[in-house]
Amino acid sequence: MSPSFPDTKKSGSLMDRMPAVRGRLRENADLGKVTWFQVGGPADILFKPEDEADLAHFLKNLPRDIPVYVIGVGSNLLVRDAGVRGVVIRLGRHFAKINHDGEKLIAGAGALDGHVARFAADAGLEGAEFLSGIPGGIGGALRMNAGAYGADISEIFLSAVAYDRDGERHELTLKDMGFSYRHTDIPKDWIFTEAVFQLSFGDRDEILGRMADISRNREESQPIRSRTGGSTFANPPGKKAWELIDSVGGRGLTIGNAMVSEKHCNFLINKGAARAIELEAIGEELRRRVFKTHDVLLRWEIVRLGTADKKPEGKAL
C-alpha cells in the first residue's frame, strides 16, 4: 500500500517539510516537458541535487512517509496525466561528468548514453559503441541493464555507486547488481550516481565507424524523429516483441492521438496532442491482443510513473 501524505495541491504543506538543500526545489513542476513523449502531469516537488552530498543529506532528512522517485532524461518514461505525488529527483549537470583512467571509463548517472559512447570513441576506447544506439542516460541504463546491437551494460560493467532511501552510500560490484535481461536486482528506490565501465583500447576510426553504422540503422528502422519513448516492451524469451505486435494488427493502431509506429511497431508515438492515458491504453491493448493470440504477456519496458487520470475517450482503431 502506498504511504499516505497531505494533499499538497490544497495545503501547500509539502514544501514546508523539505530539508534545507543546496540544490533546487520546485513545486508543481511540469514533468511532461522533460519526457520524450511530451505528456504527463506535474510533480508535487522536483528536486535537483547540487552533488552527492546534497542528495545524501536530502534523503537522510526527508520524512519517511513522503514518496520519492528518480527520473533521468525522460527517454523511456511515461508520466501519467494527474502527475506524481511526492518528490521526484532528477540528477543534473554535476552527475553528467565523464572521464577515464586508462581503460576504465567513469560516467555520472546523468550522462547521456550517446555522450558516453562518443567520449569513449574519442579516447580510443572500444566496447561502449552500443550505447550510441540507446536513448537515455547512464542511470536508467544501469537500472534496466540497457542493451542494443548485441551488447548490454552488464558486459562492460565494473562498479557503481548508489544511494538508498536513507541516504546511505553503496558501492556495487557486478555480483551485487544481479543483472539479467533488461533487469537488475538493485532495489527500485536506490538512486545510481556513478558507474565505472571496463573498456579496451582500440582504433578510433574503426570505433567511430561502428557507431556510424548504429546511427544509420536507427535512422532507418526506428521513429527517432517522433515524440516516442524508445522500445515499449521487452522481448519475451525466444521472441521479438515487434513481431508479436505486428502479427495481431498492432502496426499503426491508434487511440486518440496515440499511435503505434508504422516504422517499428514496438514504439509508441505521440502524434502531437496525446495524453498519457491514451499512450498507456494503446500499450495495454497491444498486450491484450498478444496474450489472447499467443499466450504471451508482454512486459512493459517503458516506465510508467504517477497517477492516472480518467479513461481515454477513443477506441483502438
# chains A, B, ... in the order shown; residues from 1 in each chain; ligands from 1

call {"tool": "closest_atom_pairs", "arguments": {"of": "region 78-133 of chain A", "to": "region 153-171 of chain A", "cutoff": "12 Å", "atoms": "only C-alpha atoms", "output": "Markdown table"}}
result
| residue | atom | partner | partner_atom | distance |
| --- | --- | --- | --- | --- |
| A:Ile89 | CA | A:Arg165 | CA | 11.9 |
| A:Phe95 | CA | A:Val161 | CA | 11.6 |
| A:Glu103 | CA | A:Ile156 | CA | 10.9 |
| A:Lys104 | CA | A:Leu158 | CA | 8.5 |
| A:Leu105 | CA | A:Leu158 | CA | 9.5 |
| A:Ile106 | CA | A:Ala160 | CA | 9.3 |
| A:Ala107 | CA | A:Ala160 | CA | 9.5 |
| A:Gly108 | CA | A:Val161 | CA | 9.4 |
| A:Ala109 | CA | A:Val161 | CA | 9.1 |
| A:Asp113 | CA | A:Ile153 | CA | 10.7 |
| A:Leu125 | CA | A:Ile156 | CA | 11.7 |
| A:Glu126 | CA | A:Ile156 | CA | 10.1 |
| A:Gly127 | CA | A:Ile156 | CA | 7.0 |
| A:Ala128 | CA | A:Ile156 | CA | 7.6 |
| A:Glu129 | CA | A:Ile156 | CA | 11.0 |
| A:Phe130 | CA | A:Ile153 | CA | 9.1 |
| A:Leu131 | CA | A:Ile153 | CA | 8.5 |

call {"tool": "closest_atom_pairs", "arguments": {"of": "region 118-190 of chain A", "to": "region 68-79 of chain A", "cutoff": "9 Å", "atoms": "only C-alpha atoms", "output": "JSON lines"}}
result
{"residue": "A:Pro135", "atom": "CA", "partner": "A:Ser75", "partner_atom": "CA", "distance": 6.0}
{"residue": "A:Gly136", "atom": "CA", "partner": "A:Ser75", "partner_atom": "CA", "distance": 5.2}
{"residue": "A:Gly137", "atom": "CA", "partner": "A:Gly72", "partner_atom": "CA", "distance": 6.2}
{"residue": "A:Ile138", "atom": "CA", "partner": "A:Gly72", "partner_atom": "CA", "distance": 8.4}
{"residue": "A:Gly139", "atom": "CA", "partner": "A:Gly72", "partner_atom": "CA", "distance": 6.8}
{"residue": "A:Gly140", "atom": "CA", "partner": "A:Gly72", "partner_atom": "CA", "distance": 6.5}
{"residue": "A:Arg165", "atom": "CA", "partner": "A:Val68", "partner_atom": "CA", "distance": 8.1}
{"residue": "A:Lys188", "atom": "CA", "partner": "A:Tyr69", "partner_atom": "CA", "distance": 8.9}
{"residue": "A:Asp189", "atom": "CA", "partner": "A:Tyr69", "partner_atom": "CA", "distance": 6.9}
{"residue": "A:Trp190", "atom": "CA", "partner": "A:Val70", "partner_atom": "CA", "distance": 8.7}

call {"tool": "select_by_dssp", "arguments": {"residues": "region 115-312 of chain A", "states": "strand (DSSP E)", "output": "JSON, numbers by chain"}}
result
{"A": [125, 126, 147, 148, 151, 152, 157, 158, 159, 160, 161, 162, 163, 169, 170, 171, 172, 173, 191, 192, 193, 194, 195, 196, 197, 198, 200, 201, 227, 228, 233, 234, 254, 255, 258, 259, 260, 268, 269, 270, 299, 300, 303, 304, 305]}

call {"tool": "write_last_selection", "arguments": {"atoms": "C-alpha atoms", "output": "PDB file, in the first residue's frame"}}
result
ATOM      1  CA  LEU A 125      38.219   3.065 -26.098  1.00  0.00           C
ATOM      2  CA  GLU A 126      36.024   0.351 -27.568  1.00  0.00           C
ATOM      3  CA  GLY A 147      21.318  -3.104 -24.397  1.00  0.00           C
ATOM      4  CA  ALA A 148      21.269  -2.880 -28.170  1.00  0.00           C
ATOM      5  CA  ALA A 151      25.656  -5.898 -26.257  1.00  0.00           C
ATOM      6  CA  ASP A 152      24.385  -4.648 -22.901  1.00  0.00           C
ATOM      7  CA  PHE A 157      30.082  -3.024 -16.035  1.00  0.00           C
ATOM      8  CA  LEU A 158      32.781  -2.847 -13.380  1.00  0.00           C
ATOM      9  CA  SER A 159      31.221  -0.991 -10.432  1.00  0.00           C
ATOM     10  CA  ALA A 160      28.627   1.623  -9.483  1.00  0.00           C
ATOM     11  CA  VAL A 161      27.633   3.958  -6.664  1.00  0.00           C
ATOM     12  CA  ALA A 162      24.054   4.217  -5.426  1.00  0.00           C
ATOM     13  CA  TYR A 163      22.233   5.845  -2.507  1.00  0.00           C
ATOM     14  CA  ARG A 169      26.093   5.261   0.036  1.00  0.00           C
ATOM     15  CA  HIS A 170      26.637   1.826  -1.532  1.00  0.00           C
ATOM     16  CA  GLU A 171      29.493   0.713  -3.765  1.00  0.00           C
ATOM     17  CA  LEU A 172      28.179  -2.050  -6.020  1.00  0.00           C
ATOM     18  CA  THR A 173      30.024  -4.834  -7.812  1.00  0.00           C
ATOM     19  CA  ILE A 191      19.489   6.109  -6.829  1.00  0.00           C
ATOM     20  CA  PHE A 192      22.534   5.487  -9.016  1.00  0.00           C
ATOM     21  CA  THR A 193      25.004   8.365  -9.160  1.00  0.00           C
ATOM     22  CA  GLU A 194      28.043   6.952 -10.972  1.00  0.00           C
ATOM     23  CA  ALA A 195      29.324   3.903 -12.828  1.00  0.00           C
ATOM     24  CA  VAL A 196      32.703   2.562 -13.901  1.00  0.00           C
ATOM     25  CA  PHE A 197      32.960   0.559 -17.121  1.00  0.00           C
ATOM     26  CA  GLN A 198      35.787  -1.680 -18.271  1.00  0.00           C
ATOM     27  CA  SER A 200      39.711  -1.622 -24.002  1.00  0.00           C
ATOM     28  CA  PHE A 201      41.894   0.440 -26.293  1.00  0.00           C
ATOM     29  CA  ARG A 227       7.696  12.018 -29.900  1.00  0.00           C
ATOM     30  CA  THR A 228       8.359   8.491 -28.760  1.00  0.00           C
ATOM     31  CA  PHE A 233       8.046  -3.811 -24.367  1.00  0.00           C
ATOM     32  CA  ALA A 234      10.910  -6.153 -23.543  1.00  0.00           C
ATOM     33  CA  THR A 254      -4.343   4.447 -32.788  1.00  0.00           C
ATOM     34  CA  ILE A 255      -6.247   5.593 -29.712  1.00  0.00           C
ATOM     35  CA  ALA A 258      -1.540   7.981 -29.534  1.00  0.00           C
ATOM     36  CA  MET A 259      -0.290   5.658 -32.241  1.00  0.00           C
ATOM     37  CA  VAL A 260       1.784   2.526 -32.720  1.00  0.00           C
ATOM     38  CA  LEU A 268       4.509   4.266 -29.374  1.00  0.00           C
ATOM     39  CA  ILE A 269       4.131   7.776 -30.775  1.00  0.00           C
ATOM     40  CA  ASN A 270       2.506  10.949 -29.548  1.00  0.00           C
ATOM     41  CA  ARG A 299       6.385  -6.804 -20.165  1.00  0.00           C
ATOM     42  CA  TRP A 300       6.489  -3.017 -20.210  1.00  0.00           C
ATOM     43  CA  VAL A 303       8.499   3.128 -17.030  1.00  0.00           C
ATOM     44  CA  ARG A 304       5.048   4.403 -16.094  1.00  0.00           C
ATOM     45  CA  LEU A 305       5.022   6.870 -13.218  1.00  0.00           C
TER      46      LEU A 305
END

call {"tool": "atom_distance", "arguments": {"atom1": "CA of Val84 (chain A)", "atom2": "CA of Ala43 (chain A)"}}
result
4.6 Å

call {"tool": "atom_distance", "arguments": {"atom1": "CA of Pro236 (chain A)", "atom2": "CA of Glu285 (chain A)"}}
result
17.1 Å

call {"tool": "closest_residue", "arguments": {"among": "A:Ile66, A:Ala146, A:Ile214, A:Leu91", "to": "Met15 (chain A)", "atoms": "only C-alpha atoms"}}
result
A:Ile66

call {"tool": "atom_distance", "arguments": {"atom1": "CA of Glu301 (chain A)", "atom2": "CA of Glu219 (chain A)"}}
result
20.8 Å

call {"tool": "select_by_dssp", "arguments": {"residues": "region 143-227 of chain A", "states": "helix (DSSP H, G or I)", "output": "list in words"}}
result
Arg143, Met144, Ile153, Ser154, Glu155, Leu174, Lys175, Asp176, Met177, Arg204, Asp205, Glu206, Ile207, Leu208, Gly209, Arg210, Met211, Ala212, Asp213, Ile214, Ser215, Arg216, Asn217, Arg218, Glu219, Glu220 and Ser221 of chain A

call {"tool": "residues_around", "arguments": {"residues": "Pro67 (chain A)", "least_positions_apart": "2", "cutoff": "8 Å", "atoms": "only C-alpha atoms", "output": "list in words"}}
result
Pro3, Arg64, Asp65, Tyr69, Arg85, Gly86 and Val87 of chain A

call {"tool": "write_last_selection", "arguments": {"atoms": "N, CA, C and O atoms", "output": "mmCIF file, in the first residue's frame"}}
result
data_model
loop_
_atom_site.group_PDB
_atom_site.id
_atom_site.type_symbol
_atom_site.label_atom_id
_atom_site.label_comp_id
_atom_site.auth_asym_id
_atom_site.auth_seq_id
_atom_site.Cartn_x
_atom_site.Cartn_y
_atom_site.Cartn_z
ATOM 1 N N PRO A 3 2.256 4.929 0.834
ATOM 2 C CA PRO A 3 2.163 5.746 2.044
ATOM 3 C C PRO A 3 1.229 6.916 1.844
ATOM 4 O O PRO A 3 1.094 7.449 0.750
ATOM 5 N N ARG A 64 10.007 9.975 6.160
ATOM 6 C CA ARG A 64 9.875 8.672 5.513
ATOM 7 C C ARG A 64 8.528 8.470 4.839
ATOM 8 O O ARG A 64 8.405 7.632 3.941
ATOM 9 N N ASP A 65 7.508 9.203 5.236
ATOM 10 C CA ASP A 65 6.185 8.994 4.650
ATOM 11 C C ASP A 65 6.026 9.668 3.292
ATOM 12 O O ASP A 65 4.998 9.498 2.633
ATOM 13 N N TYR A 69 10.842 9.387 -6.027
ATOM 14 C CA TYR A 69 11.083 8.737 -7.310
ATOM 15 C C TYR A 69 12.260 9.445 -7.985
ATOM 16 O O TYR A 69 12.512 10.622 -7.733
ATOM 17 N N ARG A 85 2.681 12.251 -7.087
ATOM 18 C CA ARG A 85 2.591 12.712 -5.704
ATOM 19 C C ARG A 85 3.908 12.433 -4.985
ATOM 20 O O ARG A 85 4.467 11.350 -5.090
ATOM 21 N N GLY A 86 4.388 13.412 -4.239
ATOM 22 C CA GLY A 86 5.629 13.250 -3.514
ATOM 23 C C GLY A 86 6.759 14.009 -4.180
ATOM 24 O O GLY A 86 6.549 15.069 -4.777
ATOM 25 N N VAL A 87 7.972 13.463 -4.078
ATOM 26 C CA VAL A 87 9.173 14.112 -4.590
ATOM 27 C C VAL A 87 9.745 13.327 -5.762
ATOM 28 O O VAL A 87 9.904 12.104 -5.676
#

call {"tool": "closest_atom_pairs", "arguments": {"of": "region 199-254 of chain A", "to": "region 36-42 of chain A", "cutoff": "12 Å", "atoms": "only C-alpha atoms", "output": "Markdown table"}}
result
| residue | atom | partner | partner_atom | distance |
| --- | --- | --- | --- | --- |
| A:Ile224 | CA | A:Trp36 | CA | 10.3 |
| A:Arg225 | CA | A:Trp36 | CA | 10.6 |
| A:Ser226 | CA | A:Phe37 | CA | 8.6 |
| A:Arg227 | CA | A:Phe37 | CA | 4.9 |
| A:Thr228 | CA | A:Phe37 | CA | 5.1 |
| A:Gly229 | CA | A:Trp36 | CA | 5.8 |
| A:Gly230 | CA | A:Trp36 | CA | 8.9 |
| A:Thr232 | CA | A:Phe37 | CA | 11.9 |

call {"tool": "closest_residue", "arguments": {"among": "A:Ala120, A:Leu286, A:Ile98, A:Leu14", "to": "Asn28 (chain A)", "atoms": "only C-alpha atoms"}}
result
A:Leu14

call {"tool": "closest_residue", "arguments": {"among": "A:Arg118, A:Arg93, A:Lys292, A:Arg204", "to": "Ser247 (chain A)", "atoms": "only C-alpha atoms"}}
result
A:Lys292

call {"tool": "residues_around", "arguments": {"residues": "Glu220 (chain A)", "least_positions_apart": "6", "cutoff": "12 Å", "atoms": "only C-alpha atoms", "output": "short mmCIF file (atom, residue, chain, number, x, y, z; two decimals) with N, CA, C and O atoms, in the first residue's frame"}}
result
data_model
loop_
_atom_site.label_atom_id
_atom_site.label_comp_id
_atom_site.auth_asym_id
_atom_site.auth_seq_id
_atom_site.Cartn_x
_atom_site.Cartn_y
_atom_site.Cartn_z
N ASP A 213 27.47 3.14 -38.17
CA ASP A 213 26.58 2.06 -38.64
C ASP A 213 25.34 1.97 -37.75
O ASP A 213 24.22 1.78 -38.24
N ILE A 214 25.56 2.08 -36.43
CA ILE A 214 24.44 2.03 -35.49
C ILE A 214 23.50 3.20 -35.73
O ILE A 214 22.27 3.04 -35.74
N LYS A 263 6.67 2.47 -38.57
CA LYS A 263 8.06 2.14 -38.90
C LYS A 263 8.59 0.99 -38.06
O LYS A 263 9.30 0.11 -38.54
N HIS A 264 8.28 1.00 -36.76
CA HIS A 264 8.72 -0.04 -35.83
C HIS A 264 7.63 -0.18 -34.78
O HIS A 264 7.46 0.70 -33.95
#

call {"tool": "closest_residue", "arguments": {"among": "A:Ala212, A:Lys33, A:Val21, A:Gly250", "to": "Glu284 (chain A)", "atoms": "only C-alpha atoms"}}
result
A:Gly250

call {"tool": "decode", "arguments": {"residues": "region 194-209 of chain A", "atoms": "all heavy atoms", "output": "PDB file, in the first residue's frame"}}
result
ATOM      1  N   GLU A 194      26.823   7.088 -10.179  1.00  0.00           N
ATOM      2  CA  GLU A 194      28.043   6.952 -10.972  1.00  0.00           C
ATOM      3  C   GLU A 194      28.278   5.495 -11.325  1.00  0.00           C
ATOM      4  O   GLU A 194      27.848   4.596 -10.605  1.00  0.00           O
ATOM      5  CB  GLU A 194      29.242   7.484 -10.167  1.00  0.00           C
ATOM      6  CG  GLU A 194      30.567   7.457 -10.898  1.00  0.00           C
ATOM      7  CD  GLU A 194      31.704   7.962 -10.024  1.00  0.00           C
ATOM      8  OE1 GLU A 194      31.924   9.190 -10.010  1.00  0.00           O
ATOM      9  OE2 GLU A 194      32.358   7.128  -9.351  1.00  0.00           O
ATOM     10  N   ALA A 195      28.958   5.261 -12.428  1.00  0.00           N
ATOM     11  CA  ALA A 195      29.324   3.903 -12.828  1.00  0.00           C
ATOM     12  C   ALA A 195      30.723   3.900 -13.417  1.00  0.00           C
ATOM     13  O   ALA A 195      31.177   4.901 -13.980  1.00  0.00           O
ATOM     14  CB  ALA A 195      28.325   3.347 -13.846  1.00  0.00           C
ATOM     15  N   VAL A 196      31.392   2.762 -13.286  1.00  0.00           N
ATOM     16  CA  VAL A 196      32.703   2.562 -13.901  1.00  0.00           C
ATOM     17  C   VAL A 196      32.579   1.389 -14.865  1.00  0.00           C
ATOM     18  O   VAL A 196      32.052   0.323 -14.502  1.00  0.00           O
ATOM     19  CB  VAL A 196      33.787   2.268 -12.853  1.00  0.00           C
ATOM     20  CG1 VAL A 196      35.149   2.070 -13.535  1.00  0.00           C
ATOM     21  CG2 VAL A 196      33.859   3.391 -11.828  1.00  0.00           C
ATOM     22  N   PHE A 197      33.040   1.584 -16.092  1.00  0.00           N
ATOM     23  CA  PHE A 197      32.960   0.559 -17.121  1.00  0.00           C
ATOM     24  C   PHE A 197      34.369   0.141 -17.561  1.00  0.00           C
ATOM     25  O   PHE A 197      35.272   0.974 -17.663  1.00  0.00           O
ATOM     26  CB  PHE A 197      32.178   1.071 -18.331  1.00  0.00           C
ATOM     27  CG  PHE A 197      30.779   1.499 -18.001  1.00  0.00           C
ATOM     28  CD1 PHE A 197      30.391   2.829 -18.135  1.00  0.00           C
ATOM     29  CD2 PHE A 197      29.849   0.592 -17.528  1.00  0.00           C
ATOM     30  CE1 PHE A 197      29.107   3.235 -17.817  1.00  0.00           C
ATOM     31  CE2 PHE A 197      28.554   0.980 -17.216  1.00  0.00           C
ATOM     32  CZ  PHE A 197      28.183   2.309 -17.356  1.00  0.00           C
ATOM     33  N   GLN A 198      34.513  -1.149 -17.797  1.00  0.00           N
ATOM     34  CA  GLN A 198      35.787  -1.680 -18.271  1.00  0.00           C
ATOM     35  C   GLN A 198      35.760  -1.776 -19.792  1.00  0.00           C
ATOM     36  O   GLN A 198      35.024  -2.576 -20.361  1.00  0.00           O
ATOM     37  CB  GLN A 198      36.053  -3.068 -17.678  1.00  0.00           C
ATOM     38  CG  GLN A 198      37.377  -3.677 -18.082  1.00  0.00           C
ATOM     39  CD  GLN A 198      38.560  -2.878 -17.558  1.00  0.00           C
ATOM     40  OE1 GLN A 198      38.713  -2.717 -16.353  1.00  0.00           O
ATOM     41  NE2 GLN A 198      39.395  -2.382 -18.453  1.00  0.00           N
ATOM     42  N   LEU A 199      36.528  -0.928 -20.438  1.00  0.00           N
ATOM     43  CA  LEU A 199      36.625  -0.933 -21.883  1.00  0.00           C
ATOM     44  C   LEU A 199      38.032  -1.375 -22.283  1.00  0.00           C
ATOM     45  O   LEU A 199      38.807  -1.825 -21.446  1.00  0.00           O
ATOM     46  CB  LEU A 199      36.296   0.461 -22.437  1.00  0.00           C
ATOM     47  CG  LEU A 199      34.944   1.043 -21.991  1.00  0.00           C
ATOM     48  CD1 LEU A 199      34.751   2.433 -22.566  1.00  0.00           C
ATOM     49  CD2 LEU A 199      33.796   0.121 -22.396  1.00  0.00           C
ATOM     50  N   SER A 200      38.370  -1.266 -23.535  1.00  0.00           N
ATOM     51  CA  SER A 200      39.711  -1.622 -24.002  1.00  0.00           C
ATOM     52  C   SER A 200      40.120  -0.675 -25.118  1.00  0.00           C
ATOM     53  O   SER A 200      39.267  -0.151 -25.852  1.00  0.00           O
ATOM     54  CB  SER A 200      39.762  -3.068 -24.483  1.00  0.00           C
ATOM     55  OG  SER A 200      38.826  -3.293 -25.519  1.00  0.00           O
ATOM     56  N   PHE A 201      41.413  -0.453 -25.248  1.00  0.00           N
ATOM     57  CA  PHE A 201      41.894   0.440 -26.293  1.00  0.00           C
ATOM     58  C   PHE A 201      41.716  -0.190 -27.665  1.00  0.00           C
ATOM     59  O   PHE A 201      41.907  -1.402 -27.845  1.00  0.00           O
ATOM     60  CB  PHE A 201      43.367   0.792 -26.067  1.00  0.00           C
ATOM     61  CG  PHE A 201      43.580   1.758 -24.938  1.00  0.00           C
ATOM     62  CD1 PHE A 201      44.283   1.378 -23.801  1.00  0.00           C
ATOM     63  CD2 PHE A 201      43.059   3.044 -25.006  1.00  0.00           C
ATOM     64  CE1 PHE A 201      44.481   2.284 -22.758  1.00  0.00           C
ATOM     65  CE2 PHE A 201      43.247   3.946 -23.963  1.00  0.00           C
ATOM     66  CZ  PHE A 201      43.961   3.558 -22.838  1.00  0.00           C
ATOM     67  N   GLY A 202      41.307   0.640 -28.604  1.00  0.00           N
ATOM     68  CA  GLY A 202      41.105   0.169 -29.973  1.00  0.00           C
ATOM     69  C   GLY A 202      41.399   1.284 -30.955  1.00  0.00           C
ATOM     70  O   GLY A 202      41.873   2.363 -30.581  1.00  0.00           O
ATOM     71  N   ASP A 203      41.085   1.039 -32.215  1.00  0.00           N
ATOM     72  CA  ASP A 203      41.313   2.022 -33.257  1.00  0.00           C
ATOM     73  C   ASP A 203      40.145   3.004 -33.298  1.00  0.00           C
ATOM     74  O   ASP A 203      38.993   2.612 -33.508  1.00  0.00           O
ATOM     75  CB  ASP A 203      41.465   1.326 -34.612  1.00  0.00           C
ATOM     76  CG  ASP A 203      41.781   2.297 -35.724  1.00  0.00           C
ATOM     77  OD1 ASP A 203      40.829   2.878 -36.289  1.00  0.00           O
ATOM     78  OD2 ASP A 203      42.973   2.488 -36.024  1.00  0.00           O
ATOM     79  N   ARG A 204      40.437   4.287 -33.105  1.00  0.00           N
ATOM     80  CA  ARG A 204      39.387   5.292 -33.017  1.00  0.00           C
ATOM     81  C   ARG A 204      38.524   5.333 -34.269  1.00  0.00           C
ATOM     82  O   ARG A 204      37.292   5.417 -34.183  1.00  0.00           O
ATOM     83  CB  ARG A 204      40.008   6.672 -32.770  1.00  0.00           C
ATOM     84  CG  ARG A 204      38.995   7.807 -32.652  1.00  0.00           C
ATOM     85  CD  ARG A 204      39.680   9.125 -32.326  1.00  0.00           C
ATOM     86  NE  ARG A 204      38.719  10.209 -32.186  1.00  0.00           N
ATOM     87  CZ  ARG A 204      38.260  10.935 -33.190  1.00  0.00           C
ATOM     88  NH1 ARG A 204      38.691  10.700 -34.444  1.00  0.00           N
ATOM     89  NH2 ARG A 204      37.386  11.907 -32.977  1.00  0.00           N
ATOM     90  N   ASP A 205      39.115   5.277 -35.432  1.00  0.00           N
ATOM     91  CA  ASP A 205      38.347   5.346 -36.675  1.00  0.00           C
ATOM     92  C   ASP A 205      37.409   4.154 -36.817  1.00  0.00           C
ATOM     93  O   ASP A 205      36.269   4.297 -37.284  1.00  0.00           O
ATOM     94  CB  ASP A 205      39.287   5.432 -37.877  1.00  0.00           C
ATOM     95  CG  ASP A 205      40.022   6.767 -37.963  1.00  0.00           C
ATOM     96  OD1 ASP A 205      39.522   7.743 -37.374  1.00  0.00           O
ATOM     97  OD2 ASP A 205      41.082   6.827 -38.607  1.00  0.00           O
ATOM     98  N   GLU A 206      37.876   2.970 -36.428  1.00  0.00           N
ATOM     99  CA  GLU A 206      37.020   1.783 -36.502  1.00  0.00           C
ATOM    100  C   GLU A 206      35.861   1.888 -35.514  1.00  0.00           C
ATOM    101  O   GLU A 206      34.722   1.503 -35.824  1.00  0.00           O
ATOM    102  CB  GLU A 206      37.837   0.525 -36.229  1.00  0.00           C
ATOM    103  CG  GLU A 206      38.849   0.190 -37.316  1.00  0.00           C
ATOM    104  CD  GLU A 206      39.622  -1.081 -37.015  1.00  0.00           C
ATOM    105  OE1 GLU A 206      39.335  -1.717 -35.973  1.00  0.00           O
ATOM    106  OE2 GLU A 206      40.500  -1.443 -37.820  1.00  0.00           O
ATOM    107  N   ILE A 207      36.145   2.420 -34.331  1.00  0.00           N
ATOM    108  CA  ILE A 207      35.093   2.604 -33.322  1.00  0.00           C
ATOM    109  C   ILE A 207      34.031   3.571 -33.832  1.00  0.00           C
ATOM    110  O   ILE A 207      32.826   3.309 -33.753  1.00  0.00           O
ATOM    111  CB  ILE A 207      35.707   3.118 -32.005  1.00  0.00           C
ATOM    112  CG1 ILE A 207      36.650   2.074 -31.407  1.00  0.00           C
ATOM    113  CG2 ILE A 207      34.598   3.459 -31.002  1.00  0.00           C
ATOM    114  CD1 ILE A 207      37.513   2.605 -30.270  1.00  0.00           C
ATOM    115  N   LEU A 208      34.483   4.696 -34.383  1.00  0.00           N
ATOM    116  CA  LEU A 208      33.545   5.673 -34.926  1.00  0.00           C
ATOM    117  C   LEU A 208      32.766   5.106 -36.104  1.00  0.00           C
ATOM    118  O   LEU A 208      31.589   5.437 -36.298  1.00  0.00           O
ATOM    119  CB  LEU A 208      34.296   6.933 -35.350  1.00  0.00           C
ATOM    120  CG  LEU A 208      34.853   7.798 -34.210  1.00  0.00           C
ATOM    121  CD1 LEU A 208      35.746   8.899 -34.763  1.00  0.00           C
ATOM    122  CD2 LEU A 208      33.712   8.406 -33.387  1.00  0.00           C
ATOM    123  N   GLY A 209      33.387   4.245 -36.879  1.00  0.00           N
ATOM    124  CA  GLY A 209      32.702   3.596 -37.995  1.00  0.00           C
ATOM    125  C   GLY A 209      31.571   2.712 -37.522  1.00  0.00           C
ATOM    126  O   GLY A 209      30.482   2.710 -38.113  1.00  0.00           O
TER     127      GLY A 209
END
